[in-house]
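Note: the block below is protein07.pdb and it holds PDB, C-alpha atoms.
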ATOM      1  CA  TYR A  59      -0.150   3.708 -21.789
ATOM      2  CA  ALA A  60       0.299   7.408 -22.575
ATOM      3  CA  PHE A  61       3.089   7.648 -19.995
ATOM      4  CA  GLU A  62       4.975   4.810 -21.633
ATOM      5  CA  ASP A  63       4.561   6.351 -25.109
ATOM      6  CA  ALA A  64       5.899   9.641 -23.833
ATOM      7  CA  MET A  65       9.005   7.996 -22.548
ATOM      8  CA  LEU A  66       9.578   6.159 -25.828
ATOM      9  CA  VAL A  67       9.349   9.372 -27.797
ATOM     10  CA  SER A  68      11.856  11.159 -25.624
ATOM     11  CA  ILE A  69      14.378   8.387 -25.139
ATOM     12  CA  VAL A  70      14.300   5.743 -27.842
ATOM     13  CA  LYS A  71      13.509   7.622 -31.028
ATOM     14  CA  LYS A  72      16.253   9.735 -32.538
ATOM     15  CA  LYS A  73      16.478  11.922 -35.618
ATOM     16  CA  GLN A  74      15.461  10.070 -38.738
ATOM     17  CA  GLY A  75      17.891   9.444 -41.581
ATOM     18  CA  ASN A  76      16.649  12.442 -43.575
ATOM     19  CA  GLY A  77      17.488  14.750 -40.663
ATOM     20  CA  GLU A  78      13.834  15.440 -39.778
ATOM     21  CA  GLU A  79      12.491  15.115 -36.268
ATOM     22  CA  PRO A  80      10.011  12.208 -35.733
ATOM     23  CA  GLU A  81       6.383  13.242 -35.576
ATOM     24  CA  LYS A  82       5.185  13.824 -31.993
ATOM     25  CA  PRO A  83       2.021  12.013 -30.841
ATOM     26  CA  GLU A  84      -1.231  13.973 -30.629
ATOM     27  CA  ASP A  85      -3.863  14.064 -27.871
ATOM     28  CA  LYS A  86      -1.407  13.776 -24.998
ATOM     29  CA  GLU A  87      -2.483  13.532 -21.380
ATOM     30  CA  GLN A  88      -2.422  16.823 -19.462
ATOM     31  CA  TRP A  89       0.656  15.802 -17.509
ATOM     32  CA  TYR A  90       2.645  14.979 -20.636
ATOM     33  CA  ILE A  91       5.986  16.841 -20.692
ATOM     34  CA  THR A  92       7.311  17.696 -24.150
ATOM     35  CA  PRO A  93      10.723  16.035 -24.332
ATOM     36  CA  ASP A  94      13.825  18.180 -24.625
ATOM     37  CA  GLU A  95      16.867  17.106 -26.575
ATOM     38  CA  PRO A  96      19.106  15.363 -24.004
ATOM     39  CA  SER A  97      22.403  17.082 -23.358
ATOM     40  CA  LYS A  98      25.652  15.292 -24.097
ATOM     41  CA  GLY A  99      26.452  12.706 -21.434
ATOM     42  CA  THR A 100      22.877  12.577 -20.087
ATOM     43  CA  SER A 101      21.659   9.015 -19.567
ATOM     44  CA  ALA A 102      18.226   7.831 -20.639
ATOM     45  CA  TYR A 103      17.601   6.605 -17.083
ATOM     46  CA  SER A 104      18.239  10.038 -15.573
ATOM     47  CA  ILE A 105      15.792  11.606 -18.058
ATOM     48  CA  VAL A 106      13.069   9.104 -17.126
ATOM     49  CA  SER A 107      13.741   9.563 -13.401
ATOM     50  CA  ALA A 108      13.534  13.352 -13.641
ATOM     51  CA  ARG A 109      10.242  13.277 -15.531
ATOM     52  CA  LEU A 110       8.741  10.598 -13.278
ATOM     53  CA  SER A 111       9.752  12.629 -10.230
ATOM     54  CA  LYS A 112       8.023  15.713 -11.650
ATOM     55  CA  ILE A 113       4.815  13.813 -12.472
ATOM     56  CA  LEU A 114       4.530  12.260  -8.989
ATOM     57  CA  ASN A 115       5.598  15.519  -7.369
ATOM     58  CA  ASP A 116       2.745  17.337  -9.125
ATOM     59  CA  ILE A 117       0.246  14.663  -7.993
ATOM     60  CA  ILE A 118       1.315  14.907  -4.350
ATOM     61  CA  LYS A 119       1.404  18.721  -4.328
ATOM     62  CA  ARG A 120      -2.293  18.790  -5.164
ATOM     63  CA  GLU A 121      -2.777  17.878  -1.510
ATOM     64  CA  LYS A 122      -2.751  20.893   0.798
ATOM     65  CA  GLY A 123       0.450  21.286   2.802
ATOM     66  CA  TYR A 124       2.246  18.227   1.432
ATOM     67  CA  LYS A 125       5.966  18.050   0.823
ATOM     68  CA  PHE A 126       7.290  15.779  -1.931
ATOM     69  CA  LEU A 127      10.016  13.489  -0.553
ATOM     70  CA  ARG A 128      11.133  11.176  -3.350
ATOM     71  CA  SER A 129      10.156   8.924  -6.237
ATOM     72  CA  GLU A 130      11.460   5.722  -7.759
ATOM     73  CA  GLU A 131      10.801   3.655 -10.869
ATOM     74  CA  THR A 132      10.917  -0.126 -10.544
ATOM     75  CA  THR A 133      10.210  -3.161 -12.692
ATOM     76  CA  GLY A 134      10.219  -5.390  -9.592
ATOM     77  CA  THR A 135      13.314  -7.324 -10.657
ATOM     78  CA  TYR A 136      14.894  -6.807  -7.243
ATOM     79  CA  ASP A 137      13.732  -5.973  -3.727
ATOM     80  CA  THR A 138      13.551  -2.198  -3.317
ATOM     81  CA  THR A 139      13.607  -0.094  -0.149
ATOM     82  CA  LEU A 140      12.524   3.546  -0.406
ATOM     83  CA  ILE A 141      13.498   5.780   2.511
ATOM     84  CA  GLY A 142      11.141   8.727   2.762
ATOM     85  CA  ASP A 143      12.879  10.297   5.766
ATOM     86  CA  ASP A 144      14.352   9.261   9.124
ATOM     87  CA  ASN A 145      10.961   8.040  10.354
ATOM     88  CA  MET A 146       9.546   6.301   7.274
ATOM     89  CA  GLN A 147      10.527   3.640   4.776
ATOM     90  CA  LEU A 148       8.717   1.506   2.216
ATOM     91  CA  PHE A 149       9.863  -1.988   1.248
ATOM     92  CA  ILE A 150       8.812  -3.319  -2.178
ATOM     93  CA  PRO A 151       9.486  -7.065  -2.585
ATOM     94  CA  ALA A 152      10.624  -8.380  -5.968
ATOM     95  CA  GLN A 153       7.696  -9.130  -8.302
ATOM     96  CA  ASP A 154       6.788  -8.569 -11.920
ATOM     97  CA  PHE A 155       5.740  -4.992 -12.733
ATOM     98  CA  GLN A 156       5.418  -4.861 -16.508
ATOM     99  CA  PRO A 157       5.465  -2.142 -17.553
ATOM    100  CA  SER A 158       7.464  -0.596 -14.714
ATOM    101  CA  ILE A 159       5.729   1.452 -12.027
ATOM    102  CA  GLY A 160       6.621   4.807 -10.537
ATOM    103  CA  VAL A 161       6.279   5.192  -6.763
ATOM    104  CA  GLY A 162       6.127   8.611  -5.102
ATOM    105  CA  ILE A 163       6.228   9.519  -1.394
ATOM    106  CA  GLY A 164       4.972  12.757   0.154
ATOM    107  CA  ARG A 165       4.645  14.023   3.718
ATOM    108  CA  ILE A 166       2.482  16.431   5.705
ATOM    109  CA  ASP A 167       3.816  17.683   9.044
ATOM    110  CA  ASP A 168       0.877  19.756  10.330
ATOM    111  CA  VAL A 169      -1.529  16.988  11.325
ATOM    112  CA  THR A 170      -3.947  18.981  13.513
ATOM    113  CA  GLU A 171      -6.848  18.923  11.032
ATOM    114  CA  PHE A 172      -6.649  15.099  10.897
ATOM    115  CA  GLU A 173      -6.888  14.570  14.683
ATOM    116  CA  ASN A 174      -9.929  14.182  16.928
ATOM    117  CA  ASP A 175     -10.674  13.820  20.636
ATOM    118  CA  SER A 176      -9.931  10.084  20.841
ATOM    119  CA  ILE A 177      -7.001   9.837  18.401
ATOM    120  CA  GLN A 178      -3.567  11.434  18.619
ATOM    121  CA  ILE A 179      -1.327  11.371  15.530
ATOM    122  CA  CYS A 180       2.195  10.431  16.602
ATOM    123  CA  SER A 181       4.044  10.816  13.296
ATOM    124  CA  SER A 182       3.920  12.873  10.156
ATOM    125  CA  ILE A 183       1.309  11.771   7.615
ATOM    126  CA  TYR A 184       2.817  10.017   4.604
ATOM    127  CA  GLU A 185       1.153   9.563   1.248
ATOM    128  CA  ILE A 186       2.194   6.859  -1.221
ATOM    129  CA  VAL A 187       1.129   7.323  -4.846
ATOM    130  CA  LEU A 188       1.709   5.218  -7.971
ATOM    131  CA  ASP A 189       1.743   6.456 -11.553
ATOM    132  CA  ARG A 190      -0.828   3.815 -12.549
ATOM    133  CA  PRO A 191      -3.273   1.475 -10.743
ATOM    134  CA  VAL A 192      -1.494  -1.624  -9.394
ATOM    135  CA  ILE A 193      -2.583  -4.518  -7.183
ATOM    136  CA  PRO A 194       0.728  -6.044  -6.050
ATOM    137  CA  ASP A 195       1.189  -9.827  -6.051
ATOM    138  CA  LYS A 196       3.272  -9.408  -2.887
ATOM    139  CA  PRO A 197       2.324  -6.725  -0.358
ATOM    140  CA  PHE A 198       4.555  -3.713   0.240
ATOM    141  CA  THR A 199       5.754  -3.148   3.818
ATOM    142  CA  LEU A 200       5.444   0.297   5.383
ATOM    143  CA  THR A 201       7.598   1.044   8.434
ATOM    144  CA  LEU A 202       7.002   4.134  10.591
ATOM    145  CA  LYS A 203       8.732   5.485  13.675
ATOM    146  CA  PRO A 204       7.049   7.735  16.274
ATOM    147  CA  ASP A 205       8.053  11.386  16.088
ATOM    148  CA  LYS A 206       9.438  12.186  19.543
ATOM    149  CA  SER A 207       8.732  15.872  19.015
ATOM    150  CA  LYS A 208       5.027  14.930  18.929
ATOM    151  CA  VAL A 209       4.817  12.204  21.579
ATOM    152  CA  GLY A 210       8.019  12.210  23.668
ATOM    153  CA  GLU A 211       8.964   8.951  25.385
ATOM    154  CA  LEU A 212       6.282   6.245  25.370
ATOM    155  CA  SER A 213       5.625   3.581  27.987
ATOM    156  CA  PRO A 214       5.184  -0.086  26.918
ATOM    157  CA  GLU A 215       1.442   0.287  27.534
ATOM    158  CA  GLN A 216       1.284   3.349  25.275
ATOM    159  CA  ILE A 217       3.320   1.607  22.572
ATOM    160  CA  SER A 218       0.811  -1.252  22.549
ATOM    161  CA  LYS A 219      -1.855   1.294  21.553
ATOM    162  CA  LEU A 220       0.266   2.868  18.821
ATOM    163  CA  LYS A 221      -0.737   1.499  15.402
ATOM    164  CA  ILE A 222      -0.677   2.404  11.722
ATOM    165  CA  TYR A 223      -3.883   3.742  10.174
ATOM    166  CA  TRP A 224      -4.800   4.832   6.659
ATOM    167  CA  TYR A 225      -6.933   7.872   5.915
ATOM    168  CA  ASN A 226     -10.224   7.326   4.099
ATOM    169  CA  ASP A 227     -10.628  10.493   1.993
ATOM    170  CA  ILE A 228     -14.216   9.640   1.081
ATOM    171  CA  LEU A 229     -15.477   9.124   4.635
ATOM    172  CA  LYS A 230     -12.978  11.612   6.115
ATOM    173  CA  ARG A 231     -11.830   9.245   8.842
ATOM    174  CA  TRP A 232      -8.896   7.057   9.858
ATOM    175  CA  GLU A 233      -9.137   3.299   9.242
ATOM    176  CA  TYR A 234      -7.227   0.810  11.415
ATOM    177  CA  LEU A 235      -4.442  -1.268   9.830
ATOM    178  CA  GLY A 236      -2.441  -2.436  12.850
ATOM    179  CA  GLY A 237       1.283  -3.116  12.827
ATOM    180  CA  GLN A 238       4.091  -5.131  14.353
ATOM    181  CA  TYR A 239       6.355  -3.342  16.866
ATOM    182  CA  ASN A 240      10.149  -3.846  16.653
ATOM    183  CA  SER A 241      11.665  -3.108  20.063
ATOM    184  CA  LYS A 242      15.214  -2.956  18.640
ATOM    185  CA  THR A 243      14.479  -0.213  16.099
ATOM    186  CA  GLY A 244      11.498   1.385  17.838
ATOM    187  CA  THR A 245       9.476   1.103  14.634
ATOM    188  CA  ILE A 246       6.084  -0.301  13.632
ATOM    189  CA  SER A 247       5.547  -2.119  10.317
ATOM    190  CA  VAL A 248       2.468  -3.182   8.395
ATOM    191  CA  GLU A 249       1.806  -4.767   4.998
ATOM    192  CA  LEU A 250       0.039  -2.750   2.303
ATOM    193  CA  THR A 251      -1.942  -3.866  -0.741
ATOM    194  CA  HIS A 252      -3.425  -0.452  -1.529
ATOM    195  CA  PHE A 253      -1.945   3.039  -1.360
ATOM    196  CA  SER A 254      -3.178   6.098   0.466
ATOM    197  CA  LYS A 255      -2.233   8.365   3.386
ATOM    198  CA  TYR A 256      -0.736   6.684   6.460
ATOM    199  CA  ALA A 257       0.270   7.669   9.977
ATOM    200  CA  LEU A 258       1.011   6.296  13.426
ATOM    201  CA  LEU A 259      -1.936   6.926  15.713
ATOM    202  CA  TYR A 260      -2.331   6.563  19.434
ATOM    203  CA  ASN A 261      -5.835   5.375  20.259
ATOM    204  CA  GLU A 262      -6.703   5.140  23.938
ATOM    205  CA  LYS A 263      -9.643   2.830  23.112
ATOM    206  CA  ILE A 264      -7.515   0.050  21.544
ATOM    207  CA  ILE A 265      -7.795  -3.262  23.381
ATOM    208  CA  LYS A 266      -4.620  -5.303  22.924
ATOM    209  CA  MET A 267      -5.303  -8.770  21.459
ATOM    210  CA  GLU A 268      -2.258 -10.960  22.197
ATOM    211  CA  ASP A 269      -3.603 -13.842  20.101
ATOM    212  CA  ILE A 270      -3.659 -11.808  16.864
ATOM    213  CA  ARG A 271      -0.122 -11.254  15.605
ATOM    214  CA  GLY A 272       0.552  -7.741  14.377
ATOM    215  CA  ARG A 273      -2.858  -6.332  15.319
TER     216      ARG A 273
END

Since I need it in another form, could you write the structure as structure tokens?
Amino acid sequence: YAFEDAMLVSIVKKKQGNGEEPEKPEDKEQWYITPDEPSKGTSAYSIVSARLSKILNDIIKREKGYKFLRSEETTGTYDTTLIGDDNMQLFIPAQDFQPSIGVGIGRIDDVTEFENDSIQICSSIYEIVLDRPVIPDKPFTLTLKPDKSKVGELSPEQISKLKIYWYNDILKRWEYLGGQYNSKTGTISVELTHFSKYALLYNEKIIKMEDIRGR
């Protein structure tokens, strides 16, 4: 992978014995960042994290009005929880990501252009991006909390119609995912196997199906 090669050049290789710098690879991807000489006391991990954050930040900022929240690199050795903000977190269960993956989270607060007459968006819109295509062996878990500034206090009946959706950029519409409500935390969680834009939506037309858990 070009991303992996870039990291090896900037972190692993040092000056050769004759004092000359190692030859830099040609035909780099457009997002490739020419490595700087690390300052004294700078760890290799912090260099990778900074560059990964910039790459994912640039990807997310291509979307109009998005704010970059955070990024993380993981090999899947341990469970990982990424907190985007007070109303969003992403749980990544331990699994083998070799090579490691970079996960970025962005947010859009002005949701008016994504709403329609039958659907009210009750949270910010969050986008999850990876630095390479991945189909996880174990699904990630997205947890969202309603934004009270958008919806105020909700009745139990309203909460039953509050679910997580993902946005289909090709068809320009929201697709239903569902979600399990946690009355103790006031949050709704759903498992993910692909990565896109997500939000909590209130849909007046939802018919509650008690026999289908989490739907």

Point to revise | Expected selection from the PyMOL selection byres ((chain A and resi 152-161) around 6), given as a list in words | key: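 Checked against the file, the PyMOL selection byres ((chain A and resi 152-161) around 6) matches Ser129, Glu130, Glu131, Thr132, Thr133, Gly134, Thr135, Tyr136, Asp137, Pro151, Gly162, Val187, Leu188 and Asp189 of chain A.
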
Review point. What does the distance between atom CA of A:Tyr234 and atom CA of A:Thr199 come to in Å, to one decimal place?
Key: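 Distance between the two atoms: 15.6 Å.
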
Exercise for review: May I ask which of the residues A:Asp144, A:Glu233, A:Glu215, A:Glu262 is the closest one to A:Ile177, counting only C-alpha atoms?
Suggested key: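 Closest to A:Ile177 of all the choices is A:Glu262.
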
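The shortest atom-to-atom distance to A:Ala257, with all atoms listed in the file taken into account, belongs to A:Val169 out of A:Leu148, A:Val169, A:Ile141, A:Ile163.
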
Exercise for review: Translate the PyMOL selection byres ((chain A and resi 248) around 10), as applied to the file shown, into an explicit residue set as an NGL selection string.
Suggested key: :A and (148 or 197-202 or 221-223 or 235-239 or 246-247 or 249-250 or 272-273)

Exercise for review: Figure out the distance between atom CA of A:Arg231 and atom CA of A:Thr245, please, to one decimal in Å.
Suggested key: 23.5 Å

**Study point:** Coordinates-based distance that separates atom CA of A:Arg165 from atom CA of A:Thr138 (Å, one decimal)
**Key:**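 Separation of atom CA of A:Thr138 and atom CA of A:Arg165: 19.8 Å.
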